[in-house]
Amino acid sequence: MVELRGVTKTYSNQSLALDGVNLKIKRKGFLFITGPSGAGKSTLLKLLYGEERASLGEVRVHGIDVGKLRGDRLSQLRRRIGVVFQDYKLIPRKTVAENVAFVLWAQGYSHQEVQRRLTPTLKMVGLAHKADCFPTQLSGGEQQRVGLARAIVGMPPLLLADEPTGNLDPDNALQVMKIFQKLNSFGITVIVTTHDDRLVRMADRPVVQIRDGKLHQVRR
Ligand SMILES: Nc1ncnc2c1ncn2[C@@H]1O[C@H](COP(=O)(O)OP(=O)(O)OP(=O)(O)O)[C@@H](O)[C@H]1O
């Protein structure tokens with residue numbers, strides 16, 4: 001599903017974010033990526049969805065060499081990857097339902113198909129009753145669950161979450177983690193970066209740590 005081979009990423013200002021990283025994640029796998037601030041966690045996820053390119057080495061997702069994709073072919077790959085961000089990135093003037101449905105409209109789905117997918121997705125994240133609310137009317141935990149719904153409504157086989165519980169209190173963080181585990185039990189491969197040791201300890205899942213751009217196995 002995901003493979004990094006000898007991946008080094010140096011940004012244009014010479015900052016070395018990843019240094020010779022090798023990593024393999026099987027289909028239906030779950031992986032936590034931990035590590036101090038600035039270690040290279042977000043960079044690793046950005047390489048997976050093609051927002052950044054490796055300076056050296058190869059990044060493969062769904063068997064495809066991401067570094068070689070451009071334009072439409074990169075967009076096609078991205079449709080098969082859901083991404084959740086720490087700061088939610090919701091559109092303020094759109095309702096919960098519109099924020100989630102937006103990606104499907106953009107992909108040309110019919111109104112009927114959008115509705116068919118929207119309702120179960122909102123139920124899955126416990127927000128069916130907030131479908132017509134605007135983001136400012138929601139708590140942080142609810143906003144993050146909208147972000148999660150948006151990431152999964154297209155049913156991607158791979159879900160990437162960059163510090164998804166960073167702005168949440170422990171109860172909300174736990175709720176979001178439970179949804180990740182549920183999605184994983186449905187067969188979605190999940191990769192989560194986090195600073196939160198409690199979450200990592202609670203979920204008995206594999207963990208790697210990035211320190212100074214190098215990857216270390218913590219728990220298999
Ligand atoms: N666009 C960029 N241009 C230059 N340097 C960058 C860029 N993005 C990240 N870096 C640098 O690359 C290194 C790794 O950054 P990255 O964001 O991947 O770390 P992180 O582990 O996700 O940190 P955090 O936990 O604080 O989000 C840092 O030294 C950072 O300053």
# chains A, B, ... in the order shown; residues from 1 in each chain; ligands from 1

call {"tool": "residues_near_ligand", "arguments": {"ligand": "ligand 1", "cutoff": "10 Å", "atoms": "only C-alpha atoms and all ligand atoms", "output": "mmCIF file with C-alpha atoms, in the first residue's frame"}}
result
data_model
loop_
_atom_site.group_PDB
_atom_site.id
_atom_site.type_symbol
_atom_site.label_atom_id
_atom_site.label_comp_id
_atom_site.auth_asym_id
_atom_site.auth_seq_id
_atom_site.Cartn_x
_atom_site.Cartn_y
_atom_site.Cartn_z
ATOM 1 C CA LYS A 9 13.925 15.242 1.549
ATOM 2 C CA THR A 10 15.896 18.454 1.597
ATOM 3 C CA TYR A 11 13.895 21.687 1.268
ATOM 4 C CA SER A 12 15.172 24.506 -0.918
ATOM 5 C CA ASN A 13 16.544 26.326 2.149
ATOM 6 C CA GLN A 14 18.792 23.268 2.721
ATOM 7 C CA SER A 15 16.760 22.074 5.702
ATOM 8 C CA LEU A 16 17.043 18.269 5.814
ATOM 9 C CA ALA A 17 13.576 16.975 6.773
ATOM 10 C CA LEU A 18 13.991 13.245 6.025
ATOM 11 C CA ILE A 33 4.304 8.255 13.445
ATOM 12 C CA THR A 34 5.622 10.090 16.494
ATOM 13 C CA GLY A 35 8.574 12.377 17.055
ATOM 14 C CA PRO A 36 9.465 15.862 18.258
ATOM 15 C CA SER A 37 8.403 19.054 16.520
ATOM 16 C CA GLY A 38 10.287 19.613 13.285
ATOM 17 C CA ALA A 39 11.343 15.958 13.081
ATOM 18 C CA GLY A 40 9.858 15.419 9.606
ATOM 19 C CA LYS A 41 6.446 13.817 10.292
ATOM 20 C CA SER A 42 4.361 16.198 8.166
ATOM 21 C CA THR A 43 6.952 16.035 5.427
ATOM 22 C CA LEU A 44 6.556 12.262 5.262
ATOM 23 C CA LEU A 45 2.778 12.553 4.830
ATOM 24 C CA LYS A 46 3.181 15.321 2.224
ATOM 25 C CA LEU A 47 5.392 13.007 0.175
ATOM 26 C CA GLU A 52 6.182 17.572 -1.737
ATOM 27 C CA GLN A 86 -4.712 19.459 12.710
ATOM 28 C CA ASP A 162 -1.444 14.924 10.447
ATOM 29 C CA GLU A 163 -1.599 15.597 14.192
ATOM 30 C CA GLY A 166 -3.371 18.285 18.411
ATOM 31 C CA THR A 193 1.199 11.470 13.141
ATOM 32 C CA THR A 194 0.943 12.543 16.759
ATOM 33 C CA HIS A 195 2.745 14.055 19.719
ATOM 34 C CA GLN A 209 9.443 7.580 15.590
ATOM 35 C CA ILE A 210 11.159 10.184 13.434
ATOM 36 C CA ARG A 211 14.090 11.974 15.024
ATOM 37 C CA ASP A 212 16.231 14.381 13.023
ATOM 38 C CA GLY A 213 14.799 13.013 9.798
#

call {"tool": "select_by_dssp", "arguments": {"residues": "stretch 73-207 of chain A", "states": "helix (DSSP H, G or I)", "output": "PyMOL selection string"}}
result
chain A and resi 73-78+96-106+111-124+128-130+135-137+140-152+170-185+197-202

call {"tool": "atom_distance", "arguments": {"atom1": "atom CA of A:Glu51", "atom2": "atom CA of A:Val146"}}
result
22.1 Å

call {"tool": "atom_distance", "arguments": {"atom1": "atom CA of A:Val7", "atom2": "atom CA of A:Ala151"}}
result
26.0 Å

call {"tool": "residues_around", "arguments": {"residues": "A:Phe32", "least_positions_apart": "4", "cutoff": "10 Å", "atoms": "only C-alpha atoms", "output": "PyMOL selection string"}}
result
chain A and resi 161+190-195+199-200+203+205-209+218-219

call {"tool": "write_last_selection", "arguments": {"atoms": "N, CA and C atoms", "output": "compact mmCIF listing (two decimals), in the first residue's frame"}}
result
# COMPACT_ATOMS: atom_id res chain seq x y z
N ALA A 161 -3.50 11.22 8.57
CA ALA A 161 -3.95 12.25 9.52
C ALA A 161 -2.72 12.88 10.15
N VAL A 190 -4.56 3.27 7.76
CA VAL A 190 -4.56 4.55 8.47
C VAL A 190 -3.14 4.89 8.95
N ILE A 191 -2.70 6.10 8.67
CA ILE A 191 -1.41 6.58 9.17
C ILE A 191 -1.66 7.88 9.93
N VAL A 192 -1.26 7.91 11.20
CA VAL A 192 -1.53 9.06 12.05
C VAL A 192 -0.22 9.61 12.63
N THR A 193 0.06 10.87 12.44
CA THR A 193 1.20 11.47 13.14
C THR A 193 0.66 12.09 14.43
N THR A 194 1.40 11.97 15.49
CA THR A 194 0.94 12.54 16.76
C THR A 194 2.08 12.77 17.74
N HIS A 195 1.84 13.80 18.58
CA HIS A 195 2.75 14.05 19.72
C HIS A 195 2.20 13.37 20.97
N LEU A 199 -2.41 8.64 23.53
CA LEU A 199 -3.16 7.99 22.45
C LEU A 199 -2.40 6.77 21.93
N VAL A 200 -1.10 6.96 21.79
CA VAL A 200 -0.27 5.89 21.24
C VAL A 200 -0.28 4.70 22.21
N ALA A 203 -3.82 2.77 22.14
CA ALA A 203 -4.10 1.92 20.97
C ALA A 203 -2.91 1.00 20.77
N ARG A 205 -1.11 -0.44 18.56
CA ARG A 205 -0.82 -0.44 17.12
C ARG A 205 0.66 -0.13 16.89
N PRO A 206 1.19 -0.49 15.71
CA PRO A 206 2.61 -0.22 15.43
C PRO A 206 2.95 1.28 15.50
N VAL A 207 4.15 1.55 15.96
CA VAL A 207 4.61 2.93 16.12
C VAL A 207 6.02 3.08 15.56
N VAL A 208 6.24 4.13 14.78
CA VAL A 208 7.61 4.51 14.42
C VAL A 208 7.84 5.93 14.94
N GLN A 209 9.12 6.23 15.16
CA GLN A 209 9.44 7.58 15.59
C GLN A 209 10.40 8.20 14.58
N VAL A 218 9.50 1.73 16.88
CA VAL A 218 9.27 1.75 18.33
C VAL A 218 8.47 0.52 18.75
N ARG A 219 7.38 0.24 18.03
CA ARG A 219 6.54 -0.92 18.36
C ARG A 219 6.06 -1.54 17.07

call {"tool": "atom_distance", "arguments": {"atom1": "atom CA of A:Val114", "atom2": "atom CA of A:Phe102"}}
result
9.1 Å

call {"tool": "closest_residue", "arguments": {"among": "A:Asn22, A:Leu138, A:Ser55, A:Val61", "to": "A:Arg78", "atoms": "only C-alpha atoms"}}
result
A:Val61

call {"tool": "residues_around", "arguments": {"residues": "A:Arg5", "least_positions_apart": "6", "cutoff": "8 Å", "atoms": "only C-alpha atoms", "output": "PyMOL selection string"}}
result
chain A and resi 20-23+57-59

call {"tool": "residues_around", "arguments": {"residues": "A:Trp105", "least_positions_apart": "3", "cutoff": "12 Å", "atoms": "only C-alpha atoms", "output": "PDB file with N, CA and C atoms, in the first residue's frame"}}
result
ATOM      1  N   ALA A  97     -22.719  19.672   6.045  1.00  0.00           N
ATOM      2  CA  ALA A  97     -23.033  18.795   4.907  1.00  0.00           C
ATOM      3  C   ALA A  97     -22.315  19.275   3.646  1.00  0.00           C
ATOM      4  N   GLU A  98     -22.309  20.601   3.440  1.00  0.00           N
ATOM      5  CA  GLU A  98     -21.662  21.141   2.229  1.00  0.00           C
ATOM      6  C   GLU A  98     -20.152  20.948   2.265  1.00  0.00           C
ATOM      7  N   ASN A  99     -19.558  21.126   3.458  1.00  0.00           N
ATOM      8  CA  ASN A  99     -18.111  20.909   3.569  1.00  0.00           C
ATOM      9  C   ASN A  99     -17.735  19.480   3.204  1.00  0.00           C
ATOM     10  N   VAL A 100     -18.579  18.545   3.638  1.00  0.00           N
ATOM     11  CA  VAL A 100     -18.263  17.133   3.395  1.00  0.00           C
ATOM     12  C   VAL A 100     -18.569  16.756   1.943  1.00  0.00           C
ATOM     13  N   ALA A 101     -19.689  17.289   1.437  1.00  0.00           N
ATOM     14  CA  ALA A 101     -20.120  16.917   0.078  1.00  0.00           C
ATOM     15  C   ALA A 101     -19.267  17.573  -1.007  1.00  0.00           C
ATOM     16  N   PHE A 102     -18.617  18.666  -0.639  1.00  0.00           N
ATOM     17  CA  PHE A 102     -17.876  19.476  -1.604  1.00  0.00           C
ATOM     18  C   PHE A 102     -16.932  18.647  -2.485  1.00  0.00           C
ATOM     19  N   GLY A 108     -17.697  15.502  -9.629  1.00  0.00           N
ATOM     20  CA  GLY A 108     -18.769  15.296 -10.604  1.00  0.00           C
ATOM     21  C   GLY A 108     -19.803  14.238 -10.230  1.00  0.00           C
ATOM     22  N   TYR A 109     -19.913  13.910  -8.936  1.00  0.00           N
ATOM     23  CA  TYR A 109     -20.934  12.938  -8.525  1.00  0.00           C
ATOM     24  C   TYR A 109     -22.333  13.549  -8.651  1.00  0.00           C
ATOM     25  N   SER A 110     -23.321  12.718  -8.946  1.00  0.00           N
ATOM     26  CA  SER A 110     -24.699  13.212  -9.056  1.00  0.00           C
ATOM     27  C   SER A 110     -25.217  13.573  -7.663  1.00  0.00           C
ATOM     28  N   HIS A 111     -26.270  14.390  -7.654  1.00  0.00           N
ATOM     29  CA  HIS A 111     -26.882  14.808  -6.388  1.00  0.00           C
ATOM     30  C   HIS A 111     -27.288  13.572  -5.563  1.00  0.00           C
ATOM     31  N   GLN A 112     -27.854  12.599  -6.266  1.00  0.00           N
ATOM     32  CA  GLN A 112     -28.336  11.372  -5.605  1.00  0.00           C
ATOM     33  C   GLN A 112     -27.175  10.596  -4.948  1.00  0.00           C
ATOM     34  N   GLU A 113     -26.088  10.480  -5.693  1.00  0.00           N
ATOM     35  CA  GLU A 113     -24.930   9.747  -5.197  1.00  0.00           C
ATOM     36  C   GLU A 113     -24.294  10.497  -4.005  1.00  0.00           C
ATOM     37  N   VAL A 114     -24.264  11.835  -4.095  1.00  0.00           N
ATOM     38  CA  VAL A 114     -23.715  12.633  -2.992  1.00  0.00           C
ATOM     39  C   VAL A 114     -24.536  12.361  -1.728  1.00  0.00           C
ATOM     40  N   GLN A 115     -25.875  12.388  -1.859  1.00  0.00           N
ATOM     41  CA  GLN A 115     -26.730  12.149  -0.693  1.00  0.00           C
ATOM     42  C   GLN A 115     -26.543  10.736  -0.154  1.00  0.00           C
ATOM     43  N   ARG A 117     -23.961   8.953  -0.104  1.00  0.00           N
ATOM     44  CA  ARG A 117     -22.718   8.793   0.656  1.00  0.00           C
ATOM     45  C   ARG A 117     -22.672   9.678   1.900  1.00  0.00           C
ATOM     46  N   LEU A 118     -23.315  10.846   1.773  1.00  0.00           N
ATOM     47  CA  LEU A 118     -23.215  11.845   2.838  1.00  0.00           C
ATOM     48  C   LEU A 118     -23.819  11.355   4.156  1.00  0.00           C
ATOM     49  N   ARG A 150     -15.089  14.515   5.764  1.00  0.00           N
ATOM     50  CA  ARG A 150     -14.705  14.986   4.425  1.00  0.00           C
ATOM     51  C   ARG A 150     -13.607  14.089   3.832  1.00  0.00           C
ATOM     52  N   VAL A 153     -15.405  10.519   2.896  1.00  0.00           N
ATOM     53  CA  VAL A 153     -16.668  10.408   2.155  1.00  0.00           C
ATOM     54  C   VAL A 153     -16.465   9.809   0.756  1.00  0.00           C
ATOM     55  N   GLY A 154     -15.281   9.996   0.203  1.00  0.00           N
ATOM     56  CA  GLY A 154     -14.979   9.393  -1.105  1.00  0.00           C
ATOM     57  C   GLY A 154     -14.502   7.958  -0.990  1.00  0.00           C
TER      58      GLY A 154
END

call {"tool": "select_by_dssp", "arguments": {"residues": "stretch 28-174 of chain A", "states": "strand (DSSP E)", "output": "tab-separated table (two decimals) with C-alpha atoms, in the first residue's frame"}}
result
chain	number	residue	atom	x	y	z
A	30	PHE	CA	-2.39	1.13	11.01
A	31	LEU	CA	0.70	3.14	11.89
A	32	PHE	CA	1.48	5.91	14.34
A	33	ILE	CA	4.30	8.25	13.45
A	34	THR	CA	5.62	10.09	16.49
A	56	LEU	CA	16.27	11.14	-3.26
A	57	GLY	CA	14.64	7.72	-3.14
A	58	GLU	CA	11.22	6.44	-4.07
A	59	VAL	CA	7.75	6.91	-2.60
A	60	ARG	CA	5.11	4.39	-3.70
A	61	VAL	CA	1.42	4.53	-2.83
A	64	ILE	CA	2.44	3.96	-7.93
A	65	ASP	CA	5.63	6.03	-7.85
A	81	ILE	CA	-6.11	9.22	-0.24
A	82	GLY	CA	-8.07	10.94	2.54
A	83	VAL	CA	-6.19	13.60	4.48
A	84	VAL	CA	-7.06	15.03	7.90
A	85	PHE	CA	-5.27	18.14	9.19
A	158	LEU	CA	-5.72	5.16	2.55
A	159	LEU	CA	-6.27	7.76	5.27
A	160	LEU	CA	-3.50	10.13	6.41
A	161	ALA	CA	-3.95	12.25	9.52
A	162	ASP	CA	-1.44	14.92	10.45
